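Q: Got a file for you: final08.txt, compact mmCIF, C-alpha atoms.
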# COMPACT_ATOMS: atom_id res chain seq x y z
CA MET A 11 86.70 68.88 12.89
CA ARG A 12 83.78 70.03 10.68
CA LEU A 13 81.34 69.56 13.56
CA ARG A 14 83.52 71.68 15.80
CA GLU A 15 83.69 74.46 13.23
CA GLN A 16 79.90 74.44 12.95
CA ALA A 17 79.62 74.62 16.73
CA ASP A 18 81.97 77.60 16.78
CA ASP A 19 79.98 79.40 14.08
CA GLU A 20 76.52 79.00 15.66
CA PRO A 21 77.07 81.36 18.66
CA ARG A 22 78.26 84.09 16.34
CA ALA A 23 75.13 83.79 14.15
CA ARG A 24 72.61 83.92 17.03
CA PRO A 25 73.05 87.62 17.99
CA VAL A 26 71.78 88.62 14.55
CA GLN A 27 68.24 87.42 15.36
CA PRO A 28 67.49 89.94 18.19
CA ALA A 29 68.75 92.76 15.99
CA LEU A 30 66.39 91.74 13.23
CA LEU A 31 63.53 91.47 15.71
CA LEU A 32 64.28 94.92 17.11
CA GLY A 33 64.36 96.33 13.59
CA LEU A 34 60.88 94.95 12.97
CA LEU A 35 59.43 96.20 16.26
CA LEU A 36 60.70 99.79 16.13
CA PRO A 37 58.53 100.92 13.15
CA ALA A 38 55.48 99.32 14.72
CA ALA A 39 56.12 101.05 18.06
CA ALA A 40 56.62 104.38 16.31
CA ALA A 41 53.36 104.00 14.44
CA LEU A 42 51.51 103.24 17.67
CA CYS A 43 53.00 106.17 19.57
CA TYR A 44 52.62 108.80 16.83
CA PRO A 45 49.02 109.76 17.71
CA PHE A 46 50.08 110.30 21.33
CA ARG A 47 53.20 112.33 20.59
CA HIS A 48 51.82 115.56 22.12
CA ARG A 49 50.91 113.85 25.38
CA ILE A 50 54.25 112.09 25.57
CA TYR A 51 56.06 115.38 24.99
CA ALA A 52 53.97 117.13 27.66
CA ALA A 53 54.69 114.37 30.18
CA ALA A 54 58.38 114.41 29.37
CA THR A 55 58.67 118.20 29.78
CA ALA A 56 56.45 118.51 32.89
CA GLY A 57 58.23 120.44 35.60
CA MET A 58 60.84 121.90 33.29
CA PRO A 59 61.29 125.69 33.53
CA VAL A 60 59.51 127.72 30.87
CA LEU A 61 61.66 130.20 29.00
CA ALA A 62 60.51 133.79 29.10
CA ALA A 63 58.94 135.12 25.90
CA SER A 64 61.55 137.86 25.73
CA ALA A 65 64.26 135.26 25.19
CA ALA A 66 62.86 134.53 21.76
CA GLY A 67 62.27 138.18 20.91
CA PRO A 68 59.05 140.24 21.05
CA ASP A 69 55.77 138.64 20.07
CA PRO A 70 54.78 140.12 16.68
CA ARG A 71 51.09 139.58 17.37
CA PRO A 72 49.21 142.65 18.69
CA ALA A 73 47.89 142.45 22.24
CA PRO A 74 44.09 142.02 22.39
CA PHE A 75 42.08 145.15 23.22
CA ALA A 76 40.13 144.13 26.30
CA TYR A 77 39.52 147.48 28.02
CA ARG A 78 35.96 148.66 28.19
CA PRO A 79 35.22 151.95 29.93
CA SER A 80 32.86 151.66 32.87
CA LEU A 81 30.23 154.36 32.44
CA ASP A 82 27.92 155.33 35.25
CA PRO A 83 25.50 158.13 34.34
CA PHE A 84 24.55 158.41 38.02
CA ALA A 85 28.10 158.88 39.30
CA VAL A 86 27.70 162.65 39.78
CA PRO A 87 24.58 164.78 40.34
CA ALA A 88 25.07 166.76 37.14
CA LEU A 89 27.52 166.28 34.30
CA GLY A 90 27.86 168.95 31.66
CA LEU A 91 29.27 167.87 28.29
CA ALA A 92 30.96 170.17 25.80
CA GLY A 93 33.18 169.83 22.76
CA ALA A 94 32.97 168.00 19.45
CA GLY A 95 32.30 164.64 21.14
CA ALA A 96 29.69 165.89 23.60
CA VAL A 97 26.64 164.62 21.68
CA ASP A 98 28.17 161.17 21.16
CA SER A 99 28.98 160.99 24.88
CA ALA A 100 25.42 161.94 25.81
CA ARG A 101 24.14 159.10 23.61
CA VAL A 102 26.46 156.60 25.27
CA LEU A 103 25.53 157.69 28.80
CA THR A 104 21.81 157.56 27.99
CA LEU A 105 22.10 154.05 26.59
CA SER A 106 24.17 153.00 29.58
CA ALA A 107 21.31 154.03 31.85
CA LEU A 108 18.79 152.10 29.73
CA ASP A 109 20.95 149.02 29.19
CA GLU A 110 22.64 148.57 32.55
CA HIS A 111 20.20 150.32 34.88
CA GLY A 112 16.97 149.92 32.96
CA ASP A 113 15.21 148.05 35.76
CA SER A 114 16.07 150.64 38.41
CA SER A 115 16.09 153.99 36.60
CA LEU A 116 13.92 156.32 34.58
CA VAL A 117 15.51 158.38 31.82
CA VAL A 118 13.67 161.64 31.12
CA ILE A 119 14.65 163.17 27.78
CA PRO A 120 12.70 165.97 26.08
CA ARG A 121 11.49 165.29 22.55
CA PRO A 122 13.87 167.76 20.84
CA ASP A 123 16.84 166.11 22.54
CA ALA A 124 15.56 162.62 21.69
CA THR A 125 15.42 163.73 18.06
CA ARG A 126 18.89 165.25 18.18
CA LEU A 127 20.53 162.29 19.92
CA PHE A 128 18.63 159.36 18.44
CA GLY A 129 16.86 160.68 15.35
CA LEU A 130 13.38 159.97 16.71
CA ALA A 131 10.44 161.36 14.81
CA GLU A 132 7.89 163.62 16.48
CA ASP A 133 5.39 160.80 16.88
CA GLU A 134 7.85 158.00 17.61
CA LEU A 135 7.64 156.14 20.94
CA LEU A 136 4.64 158.17 22.03
CA ASP A 137 2.92 155.19 23.64
CA ASP A 138 5.89 152.96 24.30
CA GLY A 139 5.43 150.71 27.31
CA ALA A 140 9.08 150.59 28.38
CA ALA A 141 9.37 151.43 32.05
CA GLY A 142 12.77 153.07 31.83
CA LEU A 143 12.14 155.93 29.36
CA PHE A 144 9.89 158.99 29.39
CA ILE A 145 9.88 161.53 26.52
CA PRO A 146 7.97 164.72 27.37
CA GLY A 147 7.29 167.31 24.70
CA ASN A 148 9.97 169.80 25.71
CA LEU A 149 12.39 170.78 28.49
CA ASP A 150 9.79 172.80 30.38
CA ALA A 151 7.47 169.79 30.55
CA ALA A 152 10.38 167.55 31.60
CA LEU A 153 11.34 169.87 34.46
CA ALA A 154 7.72 170.29 35.55
CA TYR A 155 7.38 166.53 35.75
CA LEU A 156 10.63 166.14 37.72
CA GLU A 157 9.69 168.93 40.14
CA THR A 158 6.35 167.25 40.84
CA GLU A 159 7.77 163.75 41.11
CA LEU A 160 10.60 164.74 43.44
CA ALA A 161 8.20 166.67 45.67
CA ILE A 162 5.94 163.61 45.91
CA ARG A 163 8.88 161.43 46.82
CA ARG A 164 10.10 163.85 49.47
CA ASN A 165 6.66 164.21 51.07
CA SER A 166 5.93 160.48 51.06
CA GLY A 167 9.26 159.54 52.58
CA ALA A 168 9.17 156.22 50.72
CA ALA A 169 12.30 154.88 49.07
CA PRO A 170 12.01 155.45 45.30
CA ASP A 171 11.85 152.42 43.02
CA ARG A 172 13.71 154.18 40.23
CA ARG A 173 16.49 156.71 40.05
CA LEU A 174 15.83 159.71 37.83
CA LEU A 175 18.14 160.81 35.03
CA LEU A 176 17.55 163.95 32.98
CA VAL A 177 19.28 164.06 29.59
CA ALA A 178 18.81 167.41 27.89
CA ASP A 179 20.25 170.57 26.46
CA CYS A 180 19.90 172.89 29.43
CA ALA A 181 19.34 175.89 27.12
CA GLU A 182 17.91 178.76 29.17
CA GLU A 183 16.95 176.59 32.13
CA THR A 184 20.32 176.27 33.88
CA ALA A 185 19.15 178.13 36.97
CA ARG A 186 15.97 176.04 37.22
CA ILE A 187 17.93 172.78 36.89
CA ALA A 188 20.49 173.91 39.47
CA ALA A 189 17.71 174.82 41.90
CA LEU A 190 16.08 171.42 41.40
CA LEU A 191 19.35 169.64 42.13
CA ASP A 192 19.90 171.77 45.24
CA ARG A 193 16.41 171.09 46.63
CA HIS A 194 16.68 167.33 46.11
CA PRO A 195 20.28 166.21 46.72
CA GLY A 196 20.69 162.63 45.61
CA GLY A 197 17.23 162.53 44.07
CA LEU A 198 18.19 163.43 40.51
CA SER A 199 21.12 163.04 38.14
CA ALA A 200 21.54 164.96 34.91
CA VAL A 201 23.58 164.70 31.71
CA LEU A 202 23.49 168.17 30.23
CA LEU A 203 24.47 169.69 26.92
CA GLY A 204 24.56 173.41 26.31
CA PRO A 205 25.71 176.22 28.60
CA TRP A 206 26.07 174.30 31.85
CA THR A 207 28.77 176.03 33.90
CA SER A 208 29.14 173.72 36.92
CA ALA A 209 30.73 170.25 36.74
CA ARG A 210 31.69 169.95 33.09
CA ALA A 211 33.76 167.68 30.84
CA LEU A 212 35.23 168.63 27.49
CA VAL A 213 35.16 165.75 24.98
CA ASP A 214 37.01 166.13 21.69
CA ASP A 215 36.18 164.47 18.36
CA GLU A 216 38.28 161.42 19.28
CA GLY A 217 36.50 160.91 22.59
CA LEU A 218 39.36 162.16 24.79
CA VAL A 219 38.02 163.61 28.03
CA ASP A 220 39.36 166.73 29.72
CA ALA A 221 37.51 167.07 33.02
CA SER A 222 37.78 169.01 36.23
CA PRO A 223 39.42 167.21 39.18
CA GLY A 224 36.04 166.43 40.72
CA LEU A 225 34.97 164.51 37.60
CA THR A 226 38.22 162.76 36.73
CA ALA A 227 37.58 159.86 39.10
CA HIS A 228 34.16 159.19 37.53
CA LEU A 229 35.01 159.30 33.83
CA PRO A 230 37.34 157.22 31.64
CA GLU A 231 40.10 158.90 29.71
CA ARG A 232 38.20 158.27 26.48
CA LEU A 233 34.49 157.99 25.81
CA PRO A 234 33.38 155.84 22.88
CA ALA A 235 31.91 157.51 19.83
CA MET A 236 28.49 156.52 18.55
CA SER A 237 26.59 157.65 15.49
CA ARG A 238 22.95 158.60 15.65
CA THR A 239 22.00 155.59 13.52
CA GLU A 240 23.75 153.15 15.82
CA ALA A 241 22.34 154.89 18.87
CA ARG A 242 18.81 154.66 17.46
CA ASP A 243 19.17 150.92 16.87
CA ARG A 244 20.53 150.36 20.37
CA LEU A 245 17.78 152.48 21.88
CA HIS A 246 15.08 150.36 20.27
CA ALA A 247 16.88 147.18 21.34
CA ALA A 248 17.06 148.39 24.94
CA LEU A 249 13.39 149.34 24.97
CA ALA A 250 12.40 146.02 23.45
CA ARG A 251 13.91 144.31 26.48
CA GLN A 252 11.66 146.36 28.72
CA THR A 253 8.36 145.74 26.93
CA GLU A 254 7.41 142.85 29.22
CA ASP A 255 6.62 145.32 31.95
CA ARG A 256 4.16 147.75 30.38
CA ARG A 257 2.70 148.99 33.61
CA ARG A 258 3.33 152.63 34.44
CA PRO A 259 6.21 152.62 36.96
CA PRO A 260 6.09 154.53 40.25
CA GLY A 261 8.27 157.24 38.68
CA ARG A 262 5.37 158.27 36.40
CA ARG A 263 2.54 158.61 38.88
CA SER A 264 1.86 162.21 37.99
CA GLY A 265 3.78 162.63 34.79
CA PRO A 266 2.49 164.89 32.06
CA ARG A 267 0.97 163.41 28.95
CA ARG A 268 3.66 162.66 26.39
CA THR A 269 3.10 164.77 23.31
Would you mind writing the file's structure down as C-alpha cells?
A:
Amino acid sequence: MRLREQADDEPRARPVQPALLLGLLLPAAAALCYPFRHRIYAAATAGMPVLAASAAGPDPRPAPFAYRPSLDPFAVPALGLAGAGAVDSARVLTLSALDEHGDSSLVVIPRPDATRLFGLAEDELLDDGAAGLFIPGNLDAALAYLETELAIRRNSGAAPDRRLLLVADCAEETARIAALLDRHPGGLSAVLLGPWTSARALVDDEGLVDASPGLTAHLPERLPAMSRTEARDRLHAALARQTEDRRRPPGRRSGPRRT
C-alpha cells in the first residue's frame, strides 16, 4: 500500500521541475535580449501603420528655417535700390557676384562706393590680384573703363570670359549709364544706388522688398541684412579664394590704373 501511494505521488511532483526550469531561464533570456530591444521592437512593428503627428497634438518644437534666398545680381540689366535697406542689399548682391560667380564675372565698384559699402580705406586693395574685382578711383573712371571694354568686346566679336557688373551710386551719371546699357544689351549688369528711375526695388529696414512687376520674379520677398563689418570680412574672404589666379583677366585689358 505504501509503495502504491508513493507511485501515485511521483507523477504529481514531476510537473514542478519544468516550472522551476522555466523560472530560471526567463531572467537569462531577458538579460540576453535587452541590448537588442530596439531592433526587436522595430521588427515587430514593421508594416504597421504610422499614426499621424496631429493625432498626438501639434509638435511644440519650431520648424527649422531652411529657406535661403537665391540672389542673382545678373538677373536684370539694371537694378536700382532705394529705401533703408538699400545699402545692405547692395552689399549682399556684390558679395553674391564675388562668391558664386567669381570665376566668371568682374565686379566694377568705384572707390567711394567700396568705402561706403565695405569700409575700405583709400589705399586698400590697390594692387589686389583677385580676378573678379576692379576698384577704379571714381564713377567717371569706372564708366570710362566699361565703355572701352564693351566697345572692344563688340568689335572683336569674341565671347567674353567674364560678365561685367557695375555696383555704384549713379549720382549724376544716370543718363550715361542708361546709354551704356542701351548700346550693349546683355553686355553689362548694374546694381545702382541713388536716383535711378528705371527698374527699381524699395527695400525697408527689415529687408522686405517692394518691387515693380518686372522685378518681382527676380527678387526674393526679403533680402538679408548685412553690416559693413561683416561685409568687409566676407569681401576679403572671397578675394582670398581668388588669389591663386593673379593674372590680369581679359576683362581688364585696357582698364585704367586703379588709384
Q: Quick one: everything within 10 Å of Pro87 in chain A, counting only C-alpha atoms, minus sequence neighbours fewer than 3 positions away in the same chain. Send it as a list in words.
A: Pro83, Phe84, Leu175, Leu191, Asp192, Pro195, Gly196, Gly197, Leu198, Ser199, Ala200, Val201 and Ala209 of chain A
Q: Please list as a ChimeraX atom specification every residue within 7 Å of range 119-125 of chain A, counting all atoms listed in the file and excluding residues in the same chain fewer than 3 positions away.
A: /A:128-131,144-149,152,176-179
Q: Calculate how many Å separate CA of Ala85 in chain A from CA of Trp206 in chain A, rounding to one decimal.
A: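 Computing the Euclidean distance for CA of Ala85 in chain A and CA of Trp206 in chain A yields 17.2 Å.
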Q: Under the rule that only C-alpha atoms are counted, which of A:Val118, A:Leu127, A:Leu91, A:Leu108 is the nearest residue to Met236 in chain A?
A: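 Of all the options, A:Leu127 lies closest to Met236 in chain A.
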Q: I'd like the interatomic distance between CA of Arg164 in chain A and CA of Leu143 in chain A, to a tenth of an Å.
A: 21.7 Å
Q: Please compute the CA of Ser237 in chain A-CA of Ala88 in chain A distance, one decimal, in Å.
A: 23.5 Å
Q: Restricting the calculation to all atoms listed in the file: of A:Ala241, A:Val219, A:Arg101, A:Gly142, which residue gets closest to Asp171 in chain A?
A: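 Among the listed residues, A:Gly142 lies closest to Asp171 in chain A.
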Q: My list of candidates is A:Ala107, A:Ala211, A:Leu245, A:Ala161. Which is closest to Glu231 in chain A when distances are computed with only C-alpha atoms?
A: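 So, comparing all the options, the nearest one is A:Ala211.
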Q: Compile the contact shell of Ala96 in chain A as a VMD selection string: residues with an atom at most 8 Å away, counting all atoms listed in the file, same-chain residues fewer than 3 positions apart removed.
A: chain A and resid 91 to 93 99 to 100 203 212 to 214
Q: Got a sec: who's within 9 Å of Leu153 in chain A, counting only C-alpha atoms, leaving out chain neighbours fewer than 2 positions off, as a PDB file with C-alpha atoms, in the coordinates of the input?
A:
ATOM      1  CA  ASN A 148       9.970 169.800  25.710  1.00  0.00           C
ATOM      2  CA  LEU A 149      12.390 170.780  28.490  1.00  0.00           C
ATOM      3  CA  ASP A 150       9.790 172.800  30.380  1.00  0.00           C
ATOM      4  CA  ALA A 151       7.470 169.790  30.550  1.00  0.00           C
ATOM      5  CA  TYR A 155       7.380 166.530  35.750  1.00  0.00           C
ATOM      6  CA  LEU A 156      10.630 166.140  37.720  1.00  0.00           C
ATOM      7  CA  GLU A 157       9.690 168.930  40.140  1.00  0.00           C
ATOM      8  CA  THR A 158       6.350 167.250  40.840  1.00  0.00           C
ATOM      9  CA  LEU A 176      17.550 163.950  32.980  1.00  0.00           C
ATOM     10  CA  ARG A 186      15.970 176.040  37.220  1.00  0.00           C
ATOM     11  CA  ILE A 187      17.930 172.780  36.890  1.00  0.00           C
ATOM     12  CA  LEU A 190      16.080 171.420  41.400  1.00  0.00           C
TER      13      LEU A 190
END
Q: Kindly reconstruct range 184-197 of chain A with N, CA and C atoms and present the result as a JSON list (two decimals), keeping the file's coordinate frame.
A:
[["chain", "number", "residue", "atom", "x", "y", "z"],
["A", 184, "THR", "N", 19.23, 176.69, 32.98],
["A", 184, "THR", "CA", 20.32, 176.27, 33.88],
["A", 184, "THR", "C", 20.00, 176.59, 35.34],
["A", 185, "ALA", "N", 19.46, 177.75, 35.60],
["A", 185, "ALA", "CA", 19.15, 178.13, 36.97],
["A", 185, "ALA", "C", 18.06, 177.22, 37.55],
["A", 186, "ARG", "N", 17.07, 176.89, 36.74],
["A", 186, "ARG", "CA", 15.97, 176.04, 37.22],
["A", 186, "ARG", "C", 16.49, 174.63, 37.52],
["A", 187, "ILE", "N", 17.36, 174.12, 36.66],
["A", 187, "ILE", "CA", 17.93, 172.78, 36.89],
["A", 187, "ILE", "C", 18.80, 172.79, 38.13],
["A", 188, "ALA", "N", 19.63, 173.82, 38.29],
["A", 188, "ALA", "CA", 20.49, 173.91, 39.47],
["A", 188, "ALA", "C", 19.66, 173.99, 40.74],
["A", 189, "ALA", "N", 18.57, 174.73, 40.73],
["A", 189, "ALA", "CA", 17.71, 174.82, 41.90],
["A", 189, "ALA", "C", 17.06, 173.48, 42.22],
["A", 190, "LEU", "N", 16.68, 172.74, 41.20],
["A", 190, "LEU", "CA", 16.08, 171.42, 41.40],
["A", 190, "LEU", "C", 17.08, 170.46, 42.03],
["A", 191, "LEU", "N", 18.31, 170.50, 41.56],
["A", 191, "LEU", "CA", 19.35, 169.64, 42.13],
["A", 191, "LEU", "C", 19.65, 170.02, 43.57],
["A", 192, "ASP", "N", 19.63, 171.32, 43.87],
["A", 192, "ASP", "CA", 19.90, 171.77, 45.24],
["A", 192, "ASP", "C", 18.79, 171.37, 46.20],
["A", 193, "ARG", "N", 17.54, 171.42, 45.75],
["A", 193, "ARG", "CA", 16.41, 171.09, 46.63],
["A", 193, "ARG", "C", 16.32, 169.60, 46.90],
["A", 194, "HIS", "N", 16.83, 168.78, 45.97],
["A", 194, "HIS", "CA", 16.68, 167.33, 46.11],
["A", 194, "HIS", "C", 18.05, 166.65, 45.93],
["A", 195, "PRO", "N", 18.96, 166.84, 46.86],
["A", 195, "PRO", "CA", 20.28, 166.21, 46.72],
["A", 195, "PRO", "C", 20.16, 164.68, 46.72],
["A", 196, "GLY", "N", 20.76, 164.08, 45.74],
["A", 196, "GLY", "CA", 20.69, 162.63, 45.61],
["A", 196, "GLY", "C", 19.44, 162.12, 44.94],
["A", 197, "GLY", "N", 18.48, 162.99, 44.66],
["A", 197, "GLY", "CA", 17.23, 162.53, 44.07],
["A", 197, "GLY", "C", 17.22, 162.55, 42.56]]
